[in-house]
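Here is the file input.pdb (PDB, C-alpha atoms, pLDDT in the B column).
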```pdb
ATOM      1  CA  MET A   1      61.483 -45.612  -8.148  1.00 53.00           C
ATOM      2  CA  ALA A   2      63.622 -44.550 -11.064  1.00 56.00           C
ATOM      3  CA  ALA A   3      64.038 -40.869 -11.831  1.00 59.00           C
ATOM      4  CA  THR A   4      63.470 -41.468 -15.542  1.00 64.00           C
ATOM      5  CA  GLU A   5      60.141 -43.243 -15.112  1.00 69.00           C
ATOM      6  CA  THR A   6      57.320 -41.537 -16.986  1.00 67.00           C
ATOM      7  CA  LEU A   7      54.025 -41.254 -15.149  1.00 65.00           C
ATOM      8  CA  ALA A   8      52.069 -39.563 -17.891  1.00 67.00           C
ATOM      9  CA  ALA A   9      52.954 -38.460 -21.404  1.00 68.00           C
ATOM     10  CA  VAL A  10      51.554 -35.307 -22.935  1.00 63.00           C
ATOM     11  CA  SER A  11      51.319 -35.323 -26.694  1.00 66.00           C
ATOM     12  CA  GLY A  12      50.010 -32.667 -29.010  1.00 64.00           C
ATOM     13  CA  SER A  13      50.180 -28.928 -28.792  1.00 68.00           C
ATOM     14  CA  LEU A  14      50.034 -27.389 -25.350  1.00 71.00           C
ATOM     15  CA  GLY A  15      49.297 -24.086 -27.076  1.00 68.00           C
ATOM     16  CA  SER A  16      45.769 -25.256 -27.773  1.00 71.00           C
ATOM     17  CA  VAL A  17      45.279 -26.021 -24.089  1.00 75.00           C
ATOM     18  CA  GLY A  18      46.639 -22.584 -23.262  1.00 75.00           C
ATOM     19  CA  TYR A  19      44.252 -20.972 -25.710  1.00 76.00           C
ATOM     20  CA  GLY A  20      41.342 -22.850 -24.211  1.00 76.00           C
ATOM     21  CA  LEU A  21      42.205 -21.454 -20.807  1.00 79.00           C
ATOM     22  CA  ALA A  22      42.893 -17.983 -22.210  1.00 78.00           C
ATOM     23  CA  ALA A  23      39.488 -17.885 -23.931  1.00 81.00           C
ATOM     24  CA  ILE A  24      37.828 -17.706 -20.517  1.00 87.00           C
ATOM     25  CA  GLY A  25      38.912 -14.062 -20.106  1.00 86.00           C
ATOM     26  CA  PRO A  26      37.330 -12.641 -23.269  1.00 87.00           C
ATOM     27  CA  GLY A  27      34.236 -14.785 -22.644  1.00 88.00           C
ATOM     28  CA  VAL A  28      33.778 -13.259 -19.217  1.00 92.00           C
ATOM     29  CA  GLY A  29      34.508  -9.804 -20.646  1.00 90.00           C
ATOM     30  CA  VAL A  30      31.833 -10.132 -23.322  1.00 92.00           C
ATOM     31  CA  GLY A  31      29.344 -11.284 -20.698  1.00 93.00           C
ATOM     32  CA  ILE A  32      30.108  -8.288 -18.498  1.00 94.00           C
ATOM     33  CA  ILE A  33      29.872  -5.878 -21.431  1.00 94.00           C
ATOM     34  CA  PHE A  34      26.469  -7.053 -22.605  1.00 95.00           C
ATOM     35  CA  GLY A  35      25.117  -7.552 -19.077  1.00 95.00           C
ATOM     36  CA  ASN A  36      25.996  -4.011 -18.050  1.00 95.00           C
ATOM     37  CA  GLY A  37      24.830  -2.678 -21.413  1.00 94.00           C
ATOM     38  CA  THR A  38      21.428  -4.261 -20.895  1.00 95.00           C
ATOM     39  CA  GLN A  39      21.193  -2.690 -17.452  1.00 96.00           C
ATOM     40  CA  ALA A  40      22.187   0.685 -18.875  1.00 96.00           C
ATOM     41  CA  LEU A  41      19.539   0.422 -21.606  1.00 95.00           C
ATOM     42  CA  ALA A  42      16.919  -0.418 -18.992  1.00 96.00           C
ATOM     43  CA  ARG A  43      17.887   2.613 -16.900  1.00 96.00           C
ATOM     44  CA  GLN A  44      18.249   5.140 -19.739  1.00 95.00           C
ATOM     45  CA  PRO A  45      16.455   4.069 -22.913  1.00 94.00           C
ATOM     46  CA  GLU A  46      16.979   7.500 -24.460  1.00 96.00           C
ATOM     47  CA  ALA A  47      20.751   6.859 -24.626  1.00 96.00           C
ATOM     48  CA  ALA A  48      20.350   3.621 -26.595  1.00 95.00           C
ATOM     49  CA  GLY A  49      22.492   4.728 -29.547  1.00 95.00           C
ATOM     50  CA  LEU A  50      25.485   5.710 -27.433  1.00 95.00           C
ATOM     51  CA  ILE A  51      25.231   2.649 -25.206  1.00 94.00           C
ATOM     52  CA  ARG A  52      24.966   0.293 -28.173  1.00 95.00           C
ATOM     53  CA  ALA A  53      27.975   1.905 -29.870  1.00 95.00           C
ATOM     54  CA  ASN A  54      30.051   1.471 -26.713  1.00 94.00           C
ATOM     55  CA  GLN A  55      28.899  -2.126 -26.397  1.00 94.00           C
ATOM     56  CA  ILE A  56      29.983  -2.952 -29.927  1.00 94.00           C
ATOM     57  CA  LEU A  57      33.362  -1.264 -29.400  1.00 94.00           C
ATOM     58  CA  GLY A  58      33.988  -3.184 -26.175  1.00 92.00           C
ATOM     59  CA  PHE A  59      32.886  -6.434 -27.811  1.00 93.00           C
ATOM     60  CA  ALA A  60      35.300  -5.863 -30.703  1.00 93.00           C
ATOM     61  CA  PHE A  61      38.216  -5.303 -28.307  1.00 91.00           C
ATOM     62  CA  CYS A  62      37.417  -8.461 -26.322  1.00 89.00           C
ATOM     63  CA  GLU A  63      37.098 -10.553 -29.456  1.00 89.00           C
ATOM     64  CA  ALA A  64      40.353  -9.131 -30.828  1.00 90.00           C
ATOM     65  CA  LEU A  65      42.107 -10.404 -27.707  1.00 85.00           C
ATOM     66  CA  ALA A  66      40.561 -13.828 -28.230  1.00 83.00           C
ATOM     67  CA  LEU A  67      41.650 -13.941 -31.875  1.00 86.00           C
ATOM     68  CA  ILE A  68      45.193 -12.889 -30.986  1.00 85.00           C
ATOM     69  CA  GLY A  69      45.254 -15.678 -28.428  1.00 79.00           C
ATOM     70  CA  LEU A  70      44.074 -18.124 -31.082  1.00 79.00           C
ATOM     71  CA  VAL A  71      46.876 -17.181 -33.478  1.00 82.00           C
ATOM     72  CA  MET A  72      49.784 -17.018 -31.000  1.00 78.00           C
ATOM     73  CA  PRO A  73      50.163 -20.802 -30.426  1.00 73.00           C
ATOM     74  CA  PHE A  74      50.616 -21.205 -34.182  1.00 77.00           C
ATOM     75  CA  VAL A  75      53.128 -18.354 -34.386  1.00 80.00           C
ATOM     76  CA  TYR A  76      55.281 -19.389 -31.419  1.00 75.00           C
ATOM     77  CA  GLY A  77      54.480 -23.108 -31.395  1.00 66.00           C
ATOM     78  CA  THR A  78      57.078 -25.754 -31.956  1.00 54.00           C
TER      79      THR A  78
END
```

Mind converting the file's structure to structure tokens?
Amino acid sequence: MAATETLAAVSGSLGSVGYGLAAIGPGVGVGIIFGNGTQALARQPEAAGLIRANQILGFAFCEALALIGLVMPFVYGT
């Protein structure tokens, strides 16, 4: 077998594949945030305002990570 033989060729941007894999993290994070927030609201309904504010803040941070991951393949891509 020749050393230069190609078994499979990859074409396109591998950055998009990397982003697809990296989007799993923020997706799991958002699920954890809203799952635990729902449990907290069920346990202490009187603290709904504070819990909801913390949920929205956590959601914004997770989504910011996802958006940064979306932009980076375009910034550093070849």

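Separating atom CA of Tyr76 of chain A from atom CA of Ala60 of chain A is a distance of 24.1 Å.
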
So which residues get picked by the PyMOL selection byres ((chain A and resi 66) around 9) here, written as a PDB file with C-alpha atoms, in the coordinates of the input?
```pdb
ATOM      1  CA  TYR A  19      44.252 -20.972 -25.710  1.00 76.00           C
ATOM      2  CA  ALA A  22      42.893 -17.983 -22.210  1.00 78.00           C
ATOM      3  CA  ALA A  23      39.488 -17.885 -23.931  1.00 81.00           C
ATOM      4  CA  GLY A  25      38.912 -14.062 -20.106  1.00 86.00           C
ATOM      5  CA  PRO A  26      37.330 -12.641 -23.269  1.00 87.00           C
ATOM      6  CA  GLY A  27      34.236 -14.785 -22.644  1.00 88.00           C
ATOM      7  CA  PHE A  61      38.216  -5.303 -28.307  1.00 91.00           C
ATOM      8  CA  CYS A  62      37.417  -8.461 -26.322  1.00 89.00           C
ATOM      9  CA  GLU A  63      37.098 -10.553 -29.456  1.00 89.00           C
ATOM     10  CA  ALA A  64      40.353  -9.131 -30.828  1.00 90.00           C
ATOM     11  CA  LEU A  65      42.107 -10.404 -27.707  1.00 85.00           C
ATOM     12  CA  LEU A  67      41.650 -13.941 -31.875  1.00 86.00           C
ATOM     13  CA  ILE A  68      45.193 -12.889 -30.986  1.00 85.00           C
ATOM     14  CA  GLY A  69      45.254 -15.678 -28.428  1.00 79.00           C
ATOM     15  CA  LEU A  70      44.074 -18.124 -31.082  1.00 79.00           C
ATOM     16  CA  VAL A  71      46.876 -17.181 -33.478  1.00 82.00           C
TER      17      VAL A  71
END
```

task = Have a look at atom CA of Asn54 of chain A and atom CA of Asn36 of chain A and let me know their distance in Å, one decimal.
result = 11.0 Å

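A straight line drawn from atom CA of Phe59 of chain A to atom CA of Gly31 of chain A is 9.3 Å long.
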
For segment 21-40 of chain A, I'd like the enclosing box, axis-aligned and padded by 6 Å on every side, reported as AutoDock Vina command-line options with centre and edge lengths in Å to one decimal.
```
--center_x 32.0 --center_y -10.4 --center_z -20.7 --size_x 33.7 --size_y 34.1 --size_z 18.5
```

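Distances here use all atoms listed in the file; by that measure, the residue among A:Ile33, A:Val28, A:Leu21, A:Leu14 closest to Gln55 of chain A is A:Ile33.
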